[in-house]
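A.B. asks: data39.txt (compact mmCIF, C-alpha atoms) pasted underneath:
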```txt
# COMPACT_ATOMS: atom_id res chain seq x y z
CA MET A 545 24.05 0.16 19.30
CA PRO A 546 25.77 3.52 19.64
CA VAL A 547 23.96 5.72 17.13
CA SER A 548 24.08 9.47 17.60
CA ASP A 549 20.83 11.36 17.15
CA PRO A 550 20.40 15.13 17.05
CA ALA A 551 16.99 14.60 18.60
CA GLY A 552 18.76 13.55 21.81
CA SER A 553 16.99 11.38 24.36
CA ALA A 554 13.90 11.04 22.22
CA GLY A 555 15.97 9.38 19.53
CA ASN A 556 17.55 7.06 22.08
CA GLN A 557 14.11 6.08 23.33
CA ARG A 558 13.15 5.14 19.78
CA ILE A 559 16.23 2.92 19.50
CA LEU A 560 15.39 1.16 22.77
CA LEU A 561 11.76 0.76 21.75
CA LEU A 562 12.70 -0.60 18.34
CA THR A 563 15.15 -3.05 19.92
CA ALA A 564 12.54 -4.14 22.42
CA VAL A 565 10.00 -4.63 19.64
CA ILE A 566 12.46 -6.84 17.76
CA ILE A 567 13.18 -8.97 20.85
CA ALA A 568 9.48 -9.22 21.66
CA ALA A 569 8.69 -10.21 18.09
CA VAL A 570 11.12 -13.12 18.33
CA ILE A 571 9.68 -14.16 21.67
CA CYS A 572 6.08 -14.07 20.35
CA ALA A 573 6.72 -15.67 16.96
CA ALA A 574 5.70 -19.12 18.12
CA MET A 575 2.39 -17.93 19.59
CA ILE A 576 1.51 -15.96 16.46
CA TYR A 577 2.27 -19.00 14.30
CA TRP A 578 0.06 -21.21 16.40
CA LEU A 579 -2.86 -18.80 16.21
CA ASN A 580 -2.34 -18.20 12.48
CA PRO A 581 0.04 -20.76 10.87
CA SER A 582 0.28 -18.79 7.61
CA SER A 583 1.74 -15.74 9.34
CA ALA A 584 5.21 -17.04 10.26
CA PRO A 585 7.71 -19.65 9.01
CA VAL A 586 8.91 -20.83 12.42
CA ALA A 587 6.85 -22.32 15.26
CA SER A 588 9.13 -22.81 18.22
CA ALA A 589 6.30 -23.50 20.63
CA VAL A 590 4.60 -26.15 18.51
CA ALA A 591 7.32 -28.67 19.29
CA ASP A 592 6.85 -28.27 23.04
CA ARG A 593 3.07 -28.71 22.83
CA ALA A 594 3.56 -31.80 20.69
CA GLY A 595 5.91 -33.30 23.27
CA ALA A 596 9.06 -32.97 21.15
CA THR A 597 12.38 -33.09 23.01
CA THR A 598 15.44 -30.94 22.48
CA THR A 599 17.18 -33.82 20.72
CA ALA A 600 14.49 -34.37 18.10
CA ALA A 601 15.58 -34.17 14.48
CA ALA A 602 14.00 -31.65 12.13
CA VAL A 603 11.25 -32.58 9.71
CA VAL A 604 13.03 -32.57 6.38
CA ALA A 605 12.18 -33.27 2.79
CA SER A 606 13.21 -36.93 2.52
CA PRO A 607 14.29 -39.98 4.61
CA ALA A 608 17.83 -39.58 3.31
CA SER A 609 18.11 -35.99 4.49
CA ALA A 610 16.51 -36.93 7.82
CA ALA A 611 19.20 -39.57 8.30
CA ALA A 612 21.88 -37.00 7.51
CA SER A 613 20.38 -34.68 10.10
CA LEU A 614 20.46 -37.34 12.80
CA GLN A 615 24.07 -38.15 12.06
CA THR A 616 25.35 -34.59 12.19
CA GLN A 617 24.12 -31.40 13.84
CA ALA A 618 21.47 -31.45 16.56
CA TRP A 619 18.47 -29.36 15.54
CA PRO A 620 18.08 -26.11 17.53
CA PRO A 621 15.10 -26.13 19.92
CA MET A 622 13.29 -23.25 18.21
CA LEU A 623 13.44 -25.04 14.84
CA GLN A 624 12.31 -28.46 16.01
CA GLY A 625 9.07 -29.60 14.41
CA THR A 626 9.48 -27.19 11.48
CA VAL A 627 10.60 -27.58 7.89
CA ALA A 628 13.42 -25.66 6.25
CA PRO A 629 12.29 -23.71 3.15
CA GLY A 630 13.20 -25.32 -0.15
CA LEU A 631 16.06 -23.98 -2.25
CA PRO A 632 14.88 -23.21 -5.81
CA VAL A 633 16.77 -24.94 -8.62
CA ASP A 634 16.27 -24.65 -12.40
CA ALA A 635 16.24 -27.49 -14.94
CA GLN A 636 20.04 -27.39 -15.21
CA GLY A 637 20.53 -27.71 -11.46
CA GLN A 638 21.56 -24.07 -11.04
CA LEU A 639 20.41 -22.05 -8.05
CA GLU A 640 17.56 -19.76 -9.11
CA HIS A 641 17.70 -16.06 -8.29
CA LYS A 642 14.67 -15.96 -6.02
CA ARG A 643 13.80 -14.56 -2.60
CA ASP A 644 13.31 -18.18 -1.46
CA VAL A 645 17.08 -18.50 -1.06
CA ARG A 646 17.16 -15.68 1.48
CA ASP A 647 14.15 -17.23 3.24
CA PHE A 648 16.19 -20.45 3.58
CA PHE A 649 19.12 -18.58 5.13
CA ASP A 650 16.93 -16.44 7.42
CA TYR A 651 15.13 -19.57 8.64
CA PHE A 652 18.37 -20.83 10.17
CA LEU A 653 19.42 -17.40 11.42
CA THR A 654 16.44 -17.46 13.79
CA ALA A 655 18.56 -19.91 15.82
CA GLN A 656 21.70 -17.77 15.95
CA SER A 657 21.14 -16.98 19.64
CA VAL A 658 21.77 -20.63 20.56
CA LEU A 659 24.31 -21.65 17.91
CA THR A 660 27.95 -20.68 17.60
CA PRO A 661 28.97 -19.42 14.14
CA ALA A 662 30.77 -22.72 13.50
CA ARG A 663 27.69 -24.79 14.40
CA MET A 664 25.50 -22.50 12.32
CA ASP A 665 27.76 -22.93 9.30
CA ALA A 666 27.78 -26.70 9.80
CA LEU A 667 24.00 -26.88 10.10
CA VAL A 668 23.35 -24.73 7.04
CA GLY A 669 25.97 -26.63 5.04
CA GLN A 670 24.40 -29.91 6.06
CA GLN A 671 20.95 -28.80 4.94
CA ILE A 672 22.24 -27.36 1.66
CA LYS A 673 23.80 -30.73 0.93
CA ALA A 674 20.62 -32.56 1.95
CA GLN A 675 18.59 -30.56 -0.58
CA LEU A 676 21.09 -30.05 -3.41
CA ASP A 677 23.60 -32.91 -3.18
CA GLY A 678 25.41 -33.29 -6.51
CA LYS A 679 23.83 -30.28 -8.23
CA PRO A 680 25.78 -27.16 -9.27
CA ALA A 681 23.45 -25.24 -6.96
CA GLU A 682 25.10 -26.86 -3.92
CA SER A 683 28.38 -24.98 -4.25
CA GLN A 684 26.51 -21.84 -5.35
CA ALA A 685 24.33 -21.88 -2.22
CA ALA A 686 27.33 -22.56 0.03
CA ALA A 687 29.25 -19.60 -1.42
CA LEU A 688 26.18 -17.36 -1.21
CA TRP A 689 25.70 -18.27 2.46
CA LYS A 690 29.21 -16.98 3.20
CA SER A 691 28.57 -13.79 1.24
CA TYR A 692 25.28 -13.25 3.05
CA GLY A 693 26.98 -13.66 6.42
CA ALA A 694 29.67 -11.14 5.45
CA TYR A 695 26.97 -8.70 4.35
CA LEU A 696 25.10 -9.02 7.66
CA GLN A 697 28.31 -8.35 9.61
CA ALA A 698 29.01 -5.26 7.52
CA LEU A 699 25.41 -4.11 7.96
CA THR A 700 25.74 -4.37 11.74
CA GLN A 701 28.81 -2.16 11.60
CA LEU A 702 27.05 0.33 9.35
CA ALA A 703 24.01 0.52 11.64
CA GLY A 704 26.30 1.19 14.59
CA THR A 705 28.16 4.02 12.89
CA ALA A 706 27.47 7.44 14.40
CA GLY A 707 25.36 9.67 12.19
CA ASN A 708 23.36 6.97 10.41
CA GLY A 709 19.61 7.30 10.31
CA VAL A 710 18.64 4.05 12.01
CA SER A 711 17.47 5.91 15.11
CA ALA A 712 15.02 7.86 12.95
CA ILE A 713 12.92 4.76 12.29
CA ALA A 714 9.86 4.85 14.50
CA ALA A 715 8.85 1.50 15.92
CA ASP A 716 5.25 1.97 14.80
CA GLY A 717 6.26 2.75 11.22
CA ALA A 718 4.27 5.98 11.14
CA THR A 719 5.54 8.52 8.62
CA ASP A 720 4.41 11.48 10.70
CA SER A 721 6.88 10.51 13.44
CA LEU A 722 9.85 11.25 11.17
CA THR A 723 11.21 14.77 10.99
CA ALA A 724 12.36 16.06 7.62
CA ALA A 725 16.00 15.89 8.76
CA ASN A 726 15.64 12.33 9.98
CA ALA A 727 13.97 11.31 6.72
CA VAL A 728 17.07 12.53 4.88
CA ARG A 729 19.31 10.62 7.29
CA LEU A 730 17.24 7.49 6.88
CA GLN A 731 17.45 7.69 3.10
CA SER A 732 21.23 8.09 3.39
CA PHE A 733 21.37 4.94 5.48
CA ILE A 734 19.25 3.08 2.93
CA GLU A 735 21.59 4.13 0.13
CA GLN A 736 24.68 3.05 2.09
CA ARG A 737 22.99 -0.25 2.86
CA ALA A 738 22.20 -0.76 -0.83
CA ALA A 739 25.89 -0.22 -1.63
CA LEU A 740 26.81 -2.94 0.88
CA ARG A 741 24.29 -5.31 -0.66
CA GLN A 742 25.72 -4.73 -4.12
CA ARG A 743 29.26 -5.20 -2.82
CA PHE A 744 28.67 -8.50 -1.03
CA LEU A 745 25.70 -9.99 -2.91
CA ALA A 746 26.10 -8.52 -6.42
CA GLU A 747 23.36 -9.89 -8.70
CA TRP A 748 21.60 -11.49 -5.73
CA SER A 749 20.90 -8.11 -4.13
CA GLY A 750 17.74 -7.50 -6.11
CA SER A 751 16.42 -11.03 -5.56
CA PHE A 752 16.97 -10.79 -1.81
CA PHE A 753 15.95 -7.20 -1.11
CA GLY A 754 14.45 -5.55 -4.21
CA GLU A 755 10.85 -5.19 -3.11
CA GLU A 756 11.87 -4.48 0.49
CA ASP A 757 14.10 -1.59 -0.63
CA GLN A 758 11.38 -0.19 -2.83
CA ALA A 759 8.92 -0.28 0.06
CA MET A 760 11.37 1.43 2.43
CA LEU A 761 12.10 4.20 -0.07
CA ALA A 762 8.36 4.66 -0.44
CA PHE A 763 8.13 5.00 3.35
CA VAL A 764 10.75 7.76 3.30
CA ALA A 765 9.05 9.48 0.37
CA ARG A 766 5.73 9.48 2.26
CA ALA A 767 7.46 10.99 5.29
CA ARG A 768 8.94 13.79 3.22
CA ILE A 769 5.56 14.54 1.66
CA ALA A 770 3.92 14.56 5.11
CA GLN A 771 6.55 17.04 6.35
CA ASP A 772 6.39 19.35 3.33
CA LYS A 773 4.29 22.30 4.47
CA THR A 774 4.44 23.94 1.02
CA LEU A 775 2.15 21.29 -0.52
CA SER A 776 -1.57 21.77 -0.84
CA ASP A 777 -3.84 18.97 0.31
CA ALA A 778 -4.61 18.09 -3.30
CA GLU A 779 -0.93 17.96 -4.30
CA ARG A 780 -0.05 15.91 -1.23
CA LYS A 781 -2.80 13.43 -2.06
CA ARG A 782 -1.68 13.22 -5.68
CA ARG A 783 1.94 12.49 -4.74
CA LEU A 784 0.95 9.86 -2.22
CA GLN A 785 -1.24 8.14 -4.80
CA GLU A 786 1.68 8.19 -7.25
CA ILE A 787 3.86 6.41 -4.71
CA GLU A 788 1.18 3.78 -4.13
CA GLN A 789 0.84 3.14 -7.86
CA ASN A 790 4.57 2.53 -8.23
CA LEU A 791 4.80 -0.03 -5.44
CA PRO A 792 5.41 -3.64 -6.56
CA PRO A 793 2.22 -5.76 -6.68
CA GLY A 794 3.26 -7.88 -3.72
CA GLU A 795 3.75 -4.79 -1.59
CA HIS A 796 0.11 -3.77 -1.98
CA ALA A 797 -0.96 -7.13 -0.55
CA ILE A 798 1.53 -6.76 2.31
CA GLU A 799 0.25 -3.29 3.19
CA GLN A 800 -3.32 -4.53 3.15
CA GLN A 801 -2.37 -7.44 5.41
CA GLN A 802 -0.61 -5.04 7.78
CA LYS A 803 -3.71 -2.86 8.00
CA GLN A 804 -5.83 -5.90 8.79
CA GLN A 805 -3.37 -7.01 11.46
CA GLU A 806 -3.35 -3.53 12.99
CA GLN A 807 -7.15 -3.59 13.17
CA TRP A 808 -7.05 -7.07 14.72
CA PHE A 809 -4.46 -6.12 17.35
CA ALA A 810 -6.40 -2.95 18.18
CA ALA A 811 -9.56 -5.01 18.72
CA VAL A 812 -7.70 -7.45 20.99
CA ASP A 813 -6.14 -4.61 22.98
CA GLN A 814 -9.57 -3.10 23.53
CA MET A 815 -10.94 -6.42 24.77
CA ARG A 816 -8.01 -6.81 27.17
CA GLN A 817 -8.50 -3.27 28.50
CA GLN A 818 -12.15 -4.11 29.15
CA ASN A 819 -10.91 -7.15 31.12
CA LEU A 820 -13.56 -9.36 29.52
CA PRO A 821 -14.14 -12.81 31.05
CA PRO A 822 -13.14 -15.79 28.84
CA GLU A 823 -16.72 -16.42 27.68
CA ALA A 824 -17.26 -12.83 26.55
CA MET A 825 -13.84 -12.69 24.90
CA TRP A 826 -14.58 -15.94 23.07
CA SER A 827 -17.82 -14.47 21.74
CA GLU A 828 -16.10 -11.32 20.44
CA ILE A 829 -13.21 -13.25 18.87
CA ALA A 830 -15.59 -15.72 17.23
CA LYS A 831 -17.35 -12.82 15.48
CA LEU A 832 -14.03 -11.68 14.00
CA LYS A 833 -12.17 -14.93 13.34
CA GLY A 834 -14.59 -17.83 13.76
CA ALA A 835 -15.26 -20.34 16.53
CA ASP A 836 -12.19 -22.54 15.97
CA PHE A 837 -9.85 -19.56 16.17
CA ALA A 838 -11.67 -18.27 19.25
CA ASP A 839 -11.19 -21.65 20.97
CA ARG A 840 -7.44 -21.52 20.37
CA PHE A 841 -7.15 -17.86 21.25
CA VAL A 842 -8.92 -18.11 24.62
CA VAL A 843 -6.85 -21.14 25.61
CA GLN A 844 -3.67 -19.32 24.61
CA GLU A 845 -4.77 -16.21 26.50
CA GLN A 846 -5.30 -18.23 29.67
CA GLN A 847 -1.92 -19.91 29.23
CA ASN A 848 -0.30 -16.50 28.75
CA HIS A 849 -1.83 -15.22 31.98
CA ALA A 850 -0.52 -18.26 33.85
CA TRP A 851 2.90 -17.89 32.23
CA GLN A 852 3.05 -14.20 33.11
CA ALA A 853 2.14 -14.90 36.73
CA ASN A 854 5.01 -17.42 36.84
CA TYR A 855 7.36 -14.87 35.27
CA ASP A 856 6.35 -12.23 37.83
CA GLN A 857 7.31 -14.60 40.64
CA TYR A 858 10.61 -15.34 38.93
CA ALA A 859 11.26 -11.61 38.41
CA VAL A 860 10.93 -10.99 42.15
CA GLN A 861 13.67 -13.54 42.88
CA ARG A 862 15.79 -12.21 40.01
CA SER A 863 15.57 -8.70 41.48
CA GLN A 864 16.58 -10.01 44.89
CA ILE A 865 19.69 -11.58 43.35
CA GLU A 866 20.49 -8.37 41.47
CA ALA A 867 20.29 -6.42 44.72
CA GLN A 868 23.00 -8.55 46.31
CA ASP A 869 26.68 -7.60 46.23
CA LEU A 870 27.74 -10.31 43.78
CA SER A 871 30.26 -10.45 40.98
CA PRO A 872 28.69 -10.29 37.49
CA GLN A 873 29.56 -13.95 36.92
CA ASP A 874 27.99 -15.14 40.19
CA GLN A 875 24.94 -12.96 39.65
CA GLN A 876 24.39 -14.35 36.15
CA ALA A 877 24.88 -17.93 37.34
CA GLN A 878 22.31 -17.53 40.13
CA ILE A 879 19.80 -15.84 37.84
CA GLU A 880 20.14 -18.65 35.30
CA GLN A 881 19.68 -21.22 38.06
CA VAL A 882 16.47 -19.53 39.25
CA ARG A 883 15.27 -19.11 35.65
CA THR A 884 15.74 -22.83 35.00
CA LYS A 885 13.79 -23.61 38.18
CA PHE A 886 10.81 -21.54 37.06
CA PHE A 887 11.12 -22.38 33.34
CA PRO A 888 12.40 -25.95 32.81
CA LYS A 889 11.38 -25.91 29.14
CA THR A 890 14.03 -24.44 26.84
CA SER A 891 11.53 -22.34 24.89
CA ASP A 892 10.09 -20.84 28.09
CA GLY A 893 13.59 -20.08 29.37
CA LEU A 894 14.47 -18.27 26.15
CA ARG A 895 11.26 -16.27 26.34
CA ALA A 896 12.00 -15.27 29.95
CA ALA A 897 15.56 -14.31 29.04
CA GLY A 898 14.21 -12.14 26.22
CA LEU A 899 11.85 -10.33 28.61
CA ASP A 900 14.78 -9.82 30.99
CA GLN A 901 16.65 -8.09 28.17
CA ILE A 902 13.68 -5.83 27.48
CA ALA A 903 13.55 -4.92 31.18
CA GLN A 904 17.25 -4.01 31.09
CA LEU A 905 16.73 -1.81 28.03
CA LYS A 906 14.00 0.14 29.79
CA HIS A 907 16.27 1.04 32.70
```
Just dump the structure as structure tokens.
C.D. replies:
Amino acid sequence: MPVSDPAGSAGNQRILLLTAVIIAAVICAAMIYWLNPSSAPVASAVADRAGATTTAAAVVASPASAAASLQTQAWPPMLQGTVAPGLPVDAQGQLEHKRDVRDFFDYFLTAQSVLTPARMDALVGQQIKAQLDGKPAESQAAALWKSYGAYLQALTQLAGTAGNGVSAIAADGATDSLTAANAVRLQSFIEQRAALRQRFLAEWSGSFFGEEDQAMLAFVARARIAQDKTLSDAERKRRLQEIEQNLPPGEHAIEQQQKQQEQWFAAVDQMRQQNLPPEAMWSEIAKLKGADFADRFVVQEQQNHAWQANYDQYAVQRSQIEAQDLSPQDQQAQIEQVRTKFFPKTSDGLRAAGLDQIAQLKH
């Protein structure tokens, strides 16, 4: 993503780190879901552990829709064993202006890495029909899906335009990592993005992104306050409290959840740095999350160690292939062949490919 940044290489490092974080988040989504099913809508790894195959149909709302699924599009591997969010409809059969509609679209977009645009459109259209067949909401949802896709394409172009403030976003979300100039650039980007949302989504813009936009503007406002050296401590505190009071109710709960997650991840990182044996780690996790969670966590941790050891062996062979004088096509073909050898499961192969991309970004 070619974004210019007056901060130079530091800004570029933030872009790479943010991109890597996004890729890693996708890779780890299944594990997070398994450890805490309420934390994510998609569990790509659950299907593999349950013995599901890549041809299994999705779990859908009714036998009729399941039959439709079997007769049309094959369900993407990362969505197998999961349920598409429901589309909200009012008493008259009209599509309700709720965030749930975006959640439905975003659910399918998690599979965009393995689906062509045509297959994605067919799959989403099929599932819209399965849920809304015969209701006015069916055509409304189909038209909105097209508008949402056009918006996302325009957003990609906007984010890649030189001079936008995307590179100013720190991966850790800390306001003190934004300079005053970058905070201004970021707010400019947010305003341009809002204009795109209004252009493509019109009255749906608020339903899809209202609270998210408000939270992002609050983030920028906090950064500006943190950078303002003319403020006294008391005035800074007052302004920050004012921002907190104006956040939507749901955002307070989200921020609290984020703080709890940060504390949890910090505790896990500390345990890993101490290199605790499984029994000691189980004891510490049980104190924080309970015995059942500790059982699952320790098993998952052991599986992760085994998976990482397998990936390290694969990476050695991948590097050997990269060191050879091969055409890009032959190199990619050999790497994919070796990757399939080490990771026969589709979900594991996708995870390894994602880590390969992160490795490329770091170089």
A.B. asks: CA of Ile787 (chain A) and CA of Leu696 (chain A), how far apart in Å?
C.D. replies: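 Interatomic distance here is 29.0 Å.
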A.B. asks: Looking at A:Leu699, A:Asn819, A:Lys690, A:Leu631, which one is nearest to Lys673 (chain A), with distances taken over all atoms listed in the file?
C.D. replies: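 Comparing A:Leu699, A:Asn819, A:Lys690, A:Leu631 against Lys673 (chain A), the winner is A:Leu631.
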A.B. asks: Skip region 845-855 of chain A itself and residues of its chain fewer than 5 positions away, then list as a ChimeraX atom specification all residues within 10 Å of it, counting all atoms listed in the file.
C.D. replies: /A:575,816,822,825,840,860-861,883,886-887,892,895-896,899-900
A.B. asks: What's the separation between CA of Leu667 (chain A) and CA of Glu747 (chain A), in Å to one decimal place?
C.D. replies: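 Between CA of Leu667 (chain A) and CA of Glu747 (chain A) the gap works out to 25.3 Å.
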A.B. asks: Report the centre and edge lengths, in Å to one decimal, of an axis-aligned box enclosing every atom of region 889-899 of chain A listed in the file, padded by 3 Å on each side, as lines of an AutoDock Vina configuration file.
C.D. replies:
```
center_x = 12.8
center_y = -18.1
center_z = 27.4
size_x = 11.5
size_y = 21.6
size_z = 11.1
```
A.B. asks: Take CA of Ala770 (chain A) and CA of Asp813 (chain A) and report the distance between them in Å, one decimal.
C.D. replies: 28.1 Å
A.B. asks: Pick from A:Gln684, A:Ala698, A:Ala703, A:Asp869: nearest to Arg741 (chain A), with only C-alpha atoms counted?
C.D. replies: A:Ala698
A.B. asks: Residues near Leu676 (chain A), anyone? I mean within 10 Å using all atoms listed in the file, not counting same-chain ones fewer than 4 positions away, as a PyMOL selection string.
C.D. replies: chain A and resi 630-633+637-639+671-672+680-683+685
A.B. asks: Go through A:Ala635, A:Ala897, A:Ala810, A:Ile829 and flag the residue nearest Lys679 (chain A), using all atoms listed in the file for the distances.
C.D. replies: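 Among A:Ala635, A:Ala897, A:Ala810, A:Ile829, it is A:Ala635 that comes nearest to Lys679 (chain A).
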A.B. asks: From the options A:Ile734, A:Val842, A:Leu702, A:Ile902, which residue's atoms come nearest to Val812 (chain A), counting all atoms listed in the file?
C.D. replies: A:Val842
A.B. asks: I'd like to know which of A:Trp826, A:Ser732, A:Asp777, A:Gln904 is closest to Gln844 (chain A), using all atoms listed in the file.
C.D. replies: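 Between A:Trp826, A:Ser732, A:Asp777, A:Gln904, the residue approaching Gln844 (chain A) most closely is A:Trp826.
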A.B. asks: Restricting the calculation to only C-alpha atoms, which member of A:Pro621, A:Ile769, A:Phe744, A:Leu791 is positioned closest to Gln656 (chain A)?
C.D. replies: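 Using only C-alpha atoms, the shortest distance to Gln656 (chain A) belongs to A:Pro621.
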